$ cat work_18.cif   # mmCIF, C-alpha atoms
data_query
loop_
_atom_site.label_atom_id
_atom_site.label_comp_id
_atom_site.auth_asym_id
_atom_site.auth_seq_id
_atom_site.Cartn_x
_atom_site.Cartn_y
_atom_site.Cartn_z
CA MET A 1 113.78 228.21 17.09
CA HIS A 2 114.98 226.06 19.88
CA SER A 3 116.59 229.04 21.46
CA ARG A 4 113.41 230.98 21.39
CA LYS A 5 111.54 228.27 23.16
CA LEU A 6 114.04 228.25 25.84
CA CYS A 7 113.59 231.91 26.29
CA TRP A 8 109.87 231.55 26.92
CA LEU A 9 110.16 228.93 29.59
CA PRO A 10 110.88 231.34 32.32
CA VAL A 11 107.88 233.32 31.35
CA VAL A 12 105.66 230.30 31.60
CA ALA A 13 107.16 229.32 34.88
CA MET A 14 106.49 232.73 36.24
CA SER A 15 102.92 232.50 35.05
CA PHE A 16 102.42 229.32 36.98
CA SER A 17 103.92 230.85 39.93
CA LEU A 18 101.55 233.81 39.75
CA ILE A 19 98.46 231.67 39.50
CA GLY A 20 99.57 229.41 42.31
CA CYS A 21 100.15 226.22 40.26
CA PRO A 22 102.97 223.88 41.14
CA GLU A 23 105.85 223.70 38.85
CA PRO A 24 106.25 220.47 36.87
CA GLY A 25 108.34 218.03 38.87
CA GLY A 26 107.69 219.94 42.08
CA GLU A 27 106.43 218.60 45.42
CA GLY A 28 102.94 219.71 44.77
CA GLU A 29 103.24 222.74 47.11
CA PRO A 30 103.04 226.14 45.56
CA SER A 31 106.09 228.18 46.39
CA PRO A 32 106.67 231.69 45.58
CA SER A 33 109.16 232.17 42.76
CA PRO A 34 111.16 235.18 42.20
CA SER A 35 109.92 237.34 39.47
CA ILE A 36 112.04 236.60 36.42
CA VAL A 37 112.09 238.98 33.56
CA PRO A 38 112.99 237.06 30.35
CA VAL A 39 115.83 238.58 28.53
CA MET A 40 116.15 237.73 24.89
CA SER A 41 119.61 236.73 23.98
CA PRO A 42 120.75 235.72 20.51
CA GLY A 43 121.27 232.00 19.98
CA PRO A 44 124.32 230.50 18.59
CA GLU A 45 122.64 229.63 15.49
CA THR A 46 120.60 232.60 14.48
CA PRO A 47 121.72 236.10 15.07
CA ILE A 48 119.17 238.14 17.00
CA PRO A 49 118.91 241.75 16.27
CA ALA A 50 119.31 244.14 19.20
CA THR A 51 115.68 244.94 19.28
CA PRO A 52 114.23 244.96 22.82
CA THR A 53 112.07 241.99 23.53
CA PRO A 54 108.55 242.96 24.54
CA VAL A 55 107.51 241.80 27.95
CA VAL A 56 104.22 240.02 27.68
CA ALA A 57 102.00 240.54 30.66
CA VAL A 58 100.49 237.21 31.59
CA THR A 59 97.04 237.37 32.98
CA PRO A 60 96.93 234.97 35.92
CA THR A 61 94.60 232.12 35.44
CA PRO A 62 92.48 231.40 38.44
CA SER A 63 93.88 228.55 40.37
CA LEU A 64 91.94 225.38 40.18
CA VAL A 65 93.16 224.45 43.62
CA ALA A 66 90.92 225.76 46.34
CA PRO A 67 92.94 227.87 48.66
CA THR A 68 93.53 226.37 51.95
CA PRO A 69 91.30 228.27 54.34
CA THR A 70 93.21 230.08 56.92
CA ALA A 71 92.14 228.86 60.26
CA VAL A 72 90.54 231.77 61.95
CA PRO A 73 90.34 231.24 65.63
CA PRO A 74 86.82 231.61 66.84
CA THR A 75 86.08 234.84 68.50
CA PRO A 76 85.48 233.92 72.08
CA ALA A 77 82.04 234.69 73.20
CA PRO A 78 82.12 237.45 75.75
CA VAL A 79 81.99 235.91 79.14
CA ALA A 80 80.03 237.98 81.53
CA PRO A 81 82.05 238.29 84.69
CA THR A 82 80.58 236.45 87.52
CA PRO A 83 79.59 239.13 89.94
CA THR A 84 81.36 238.80 93.21
CA PRO A 85 78.70 238.71 95.85
CA VAL A 86 79.09 241.83 97.86
CA PRO A 87 77.79 241.34 101.34
CA PRO A 88 75.31 244.01 102.17
CA THR A 89 76.75 246.74 104.25
CA PRO A 90 74.99 246.47 107.55
CA ALA A 91 73.14 249.59 108.48
CA PRO A 92 74.97 251.31 111.27
CA VAL A 93 73.25 250.60 114.49
CA ALA A 94 73.51 253.52 116.81
CA PRO A 95 74.69 252.19 120.16
CA THR A 96 72.30 252.72 122.93
CA PRO A 97 74.02 255.30 125.08
CA THR A 98 74.59 254.13 128.57
CA PRO A 99 73.34 256.87 130.84
CA VAL A 100 76.32 258.24 132.64
CA VAL A 101 75.41 259.75 135.90
CA PRO A 102 77.94 262.49 136.45
CA THR A 103 79.69 262.21 139.72
CA PRO A 104 79.18 265.54 141.39
CA THR A 105 82.49 267.19 141.98
CA PRO A 106 82.52 268.61 145.45
CA VAL A 107 82.84 272.31 145.10
CA VAL A 108 85.05 273.63 147.78
CA PRO A 109 84.21 277.26 148.19
CA THR A 110 87.21 279.36 147.58
CA PRO A 111 87.69 281.41 150.69
CA THR A 112 87.46 285.04 149.96
CA ALA A 113 90.70 286.59 150.89
CA VAL A 114 89.90 289.01 153.63
CA PRO A 115 92.59 291.57 153.84
CA PRO A 116 93.88 291.65 157.36
CA THR A 117 92.69 294.57 159.34
CA PRO A 118 95.76 296.59 159.89
CA THR A 119 96.53 296.99 163.54
CA PRO A 120 96.71 300.65 164.17
CA VAL A 121 100.20 301.41 165.18
CA LEU A 122 100.06 304.11 167.75
CA ALA A 123 103.11 306.16 167.71
CA THR A 124 104.67 306.12 171.09
CA PRO A 125 104.69 309.72 172.11
CA THR A 126 108.02 311.02 173.06
CA PRO A 127 107.80 311.91 176.70
CA PRO A 128 108.53 315.49 177.54
CA PRO A 129 112.01 315.89 178.83
CA ASP A 130 112.72 315.81 182.58
CA LEU A 131 114.65 318.99 182.76
CA ASP A 132 115.50 318.85 186.47
CA HIS A 133 116.22 315.09 186.38
CA ASP A 134 114.05 314.40 189.40
CA GLY A 135 112.32 311.51 187.61
CA PHE A 136 109.24 313.54 186.83
CA SER A 137 108.42 315.54 183.74
CA GLU A 138 105.61 317.98 183.27
CA SER A 139 103.46 315.16 181.87
CA ASP A 140 104.10 313.26 185.08
CA GLY A 141 102.79 316.13 187.19
CA ASP A 142 105.99 317.95 187.99
CA CYS A 143 104.79 321.46 188.78
CA ASP A 144 108.27 322.94 188.61
CA ASP A 145 110.57 321.05 186.28
CA ASP A 146 113.37 323.49 186.98
CA ASP A 147 113.60 322.55 190.68
CA GLY A 148 114.63 318.97 191.42
CA ALA A 149 113.21 319.25 194.99
CA VAL A 150 109.75 319.99 193.69
CA HIS A 151 107.80 317.05 192.29
CA PRO A 152 104.89 314.84 193.24
CA GLY A 153 105.55 313.04 196.52
CA ALA A 154 108.22 315.44 197.74
CA ALA A 155 108.22 316.45 201.41
CA GLU A 156 106.42 319.71 201.92
CA VAL A 157 108.68 322.32 203.39
CA CYS A 158 107.58 325.64 204.76
CA ASN A 159 109.06 327.81 202.12
CA GLY A 160 106.17 329.35 200.29
CA ILE A 161 106.38 326.69 197.52
CA ASP A 162 104.13 323.77 196.67
CA ASP A 163 106.88 321.20 197.12
CA ASN A 164 104.75 318.12 196.54
CA CYS A 165 102.72 319.60 193.69
CA ASP A 166 99.38 318.96 195.40
CA GLY A 167 98.05 322.39 194.72
CA ALA A 168 98.57 323.71 198.28
CA THR A 169 101.50 325.68 199.62
CA ASP A 170 103.19 324.89 202.94
CA GLU A 171 100.21 322.92 204.16
CA GLY A 172 100.88 321.38 207.56
CA VAL A 173 104.21 323.07 208.04
CA LEU A 174 103.28 326.69 208.76
CA LEU A 175 104.28 328.19 212.11
CA ALA A 176 102.13 330.47 214.32
CA PHE A 177 103.54 333.86 215.28
CA TYR A 178 102.02 336.37 217.72
CA ALA A 179 101.98 340.09 217.68
CA ASP A 180 104.46 341.77 220.11
CA ALA A 181 103.02 345.19 220.43
CA ASP A 182 105.26 346.39 223.31
CA GLY A 183 108.34 344.93 221.75
CA ASP A 184 109.41 343.05 224.82
CA GLY A 185 109.83 339.84 222.82
CA TYR A 186 106.63 338.36 224.01
CA GLY A 187 103.50 338.34 222.01
CA ALA A 188 99.91 338.38 222.94
CA ALA A 189 98.03 335.17 222.36
CA GLY A 190 95.07 336.96 220.94
CA VAL A 191 96.79 338.24 217.83
CA SER A 192 98.53 335.56 215.77
CA ARG A 193 99.63 334.80 212.22
CA GLU A 194 100.85 331.65 210.48
CA ALA A 195 104.05 331.86 208.51
CA CYS A 196 107.23 330.02 207.90
CA SER A 197 109.20 332.66 209.73
CA ALA A 198 108.18 335.44 212.15
CA PRO A 199 106.79 338.40 210.34
CA GLU A 200 107.97 341.78 211.56
CA GLY A 201 106.27 342.66 214.89
CA TYR A 202 105.49 339.02 215.54
CA VAL A 203 107.12 336.53 217.81
CA ALA A 204 106.74 332.88 218.43
CA ASP A 205 106.02 333.37 222.23
CA ALA A 206 102.44 334.13 223.18
CA THR A 207 102.81 334.36 227.01
CA ASP A 208 102.81 338.19 227.42
CA CYS A 209 100.01 339.04 229.83
CA ASP A 210 100.16 342.75 229.00
CA ASP A 211 101.42 343.42 225.57
CA ASP A 212 101.00 347.12 226.03
CA ASP A 213 103.61 347.31 228.81
CA GLY A 214 107.03 346.28 227.90
CA ALA A 215 107.98 345.84 231.57
CA VAL A 216 105.37 343.19 232.01
CA HIS A 217 106.16 339.81 230.53
CA PRO A 218 107.18 336.41 231.68
CA GLY A 219 110.43 336.47 233.61
CA ALA A 220 110.17 340.10 234.61
CA ALA A 221 111.06 341.13 238.15
CA GLU A 222 108.05 341.30 240.37
CA VAL A 223 107.60 344.80 241.73
CA CYS A 224 105.20 345.79 244.48
CA ASN A 225 102.92 347.84 242.32
CA GLY A 226 99.75 345.88 242.28
CA ILE A 227 100.61 344.36 238.83
CA ASP A 228 101.54 340.86 237.88
CA ASP A 229 104.83 341.93 236.43
CA ASN A 230 106.13 338.47 235.66
CA CYS A 231 102.84 337.17 234.32
CA ASP A 232 102.83 334.20 236.69
CA GLY A 233 99.28 334.83 237.72
CA ALA A 234 100.17 336.35 241.13
CA THR A 235 100.47 340.00 242.03
CA ASP A 236 103.32 341.42 244.12
CA GLU A 237 104.19 338.00 245.39
CA GLY A 238 107.33 338.00 247.35
CA VAL A 239 107.58 341.76 247.56
CA LEU A 240 104.90 342.64 249.98
#
$ encode --input "work_18.cif" --output "structure tokens"
Amino acid sequence: MHSRKLCWLPVVAMSFSLIGCPEPGGEGEPSPSPSIVPVMSPGPETPIPATPTPVVAVTPTPSLVAPTPTAVPPTPAPVAPTPTPVPPTPAPVAPTPTPVVPTPTPVVPTPTAVPPTPTPVLATPTPPPDLDHDGFSESDGDCDDDDGAVHPGAAEVCNGIDDNCDGATDEGVLLAFYADADGDGYGAAGVSREACSAPEGYVADATDCDDDDGAVHPGAAEVCNGIDDNCDGATDEGVL
């Protein structure tokens, strides 16, 4: 019997532990006890058959000790955030535009490029050649560029040529010749001709006083015949 009592003690102790009562001789503070499953063992006195011991479920008795209330921290009342004063955004004030008087930029007129008037380049005409090398070409008035003695300003010579190219031939240099009808070498003053040299039948002497009589002419011998044989204006002088 004593052994059986001892076997139930753990069960009772566990019951106290489950209901939160302090164990006898404890410090008054409930402490959790490990769950102990009583195992029946035979005592020394009485042999115990090997029948499994039934585990009696102990219904926990409500603790007479009021549970210590767990201190629940108070839920802080929501604190409304203090609104930070936002300064009002000042309305943009449009600056009064300062009237800017534009400084007039002097406009310098761009000179219109006037293309230079090309100076007409007159081709220098090539002078005609001076073939006779007398210093005068045909363009200079040389009327015969094959004769170096003929050119403007040349001395006029009685030669049947316009030596000075003035348009006249032998002007001022022609000689007078007189007809010599009787062939005595003396011509009659009444019949004359200008030429550079005596034409045939003409002579340069015009002192024959009878051009029909060859014996009558200046220098002839005076004969007593009633004729002025020597043409000195006297008849038969010195022979009468």
$ atom_distance --input "work_18.cif" --atom1 "atom CA of Asp144 of chain A" --atom2 "atom CA of Asp130 of chain A"
10.3 Å
$ atom_distance --input "work_18.cif" --atom1 "atom CA of Val239 of chain A" --atom2 "atom CA of Cys224 of chain A"
5.6 Å
$ residues_around --input "work_18.cif" --residues "Ser197 of chain A" --least-positions-apart "4" --cutoff "9 Å" --atoms "all atoms listed in the file" --output "list of chain:residue names"
A:Cys158, A:Leu174, A:Leu175, A:Ala176, A:Phe177
$ resolve_selection --input "work_18.cif" --expression "the PyMOL selection byres ((chain A and resi 128) around 8)" --output "PyMOL selection string"
chain A and resi 126-127+129-130+137-139
$ atom_distance --input "work_18.cif" --atom1 "atom CA of Gly214 of chain A" --atom2 "atom CA of Ala179 of chain A"
13.0 Å
$ residues_near_point --input "work_18.cif" --point "(113.0, 342.1, 226.7)" --cutoff "10 Å" --atoms "all atoms listed in the file" --output "JSON, numbers by chain"
{"A": [182, 183, 184, 185, 186, 214, 215, 216, 217, 218, 219, 220]}
$ closest_residue --input "work_18.cif" --among "A:Asp166, A:Asp146, A:Asp213, A:Glu171" --to "Asp229 of chain A" --atoms "only C-alpha atoms"
A:Asp213
$ residues_around --input "work_18.cif" --residues "Asp163 of chain A" --least-positions-apart "4" --cutoff "6 Å" --atoms "all atoms listed in the file" --output "PyMOL selection string"
chain A and resi 150+154+156
$ resolve_selection --input "work_18.cif" --expression "the PyMOL selection byres ((chain A and resi 178) around 10)" --output "list in words"
Ala176, Phe177, Ala179, Asp180, Ala181, Gly185, Tyr186, Gly187, Ala188, Ala189, Gly190, Val191, Ser192, Arg193, Glu194, Ala198, Pro199, Gly201, Tyr202, Val203, Ala204, Asp205, Ala206, Thr207 and Asp208 of chain A
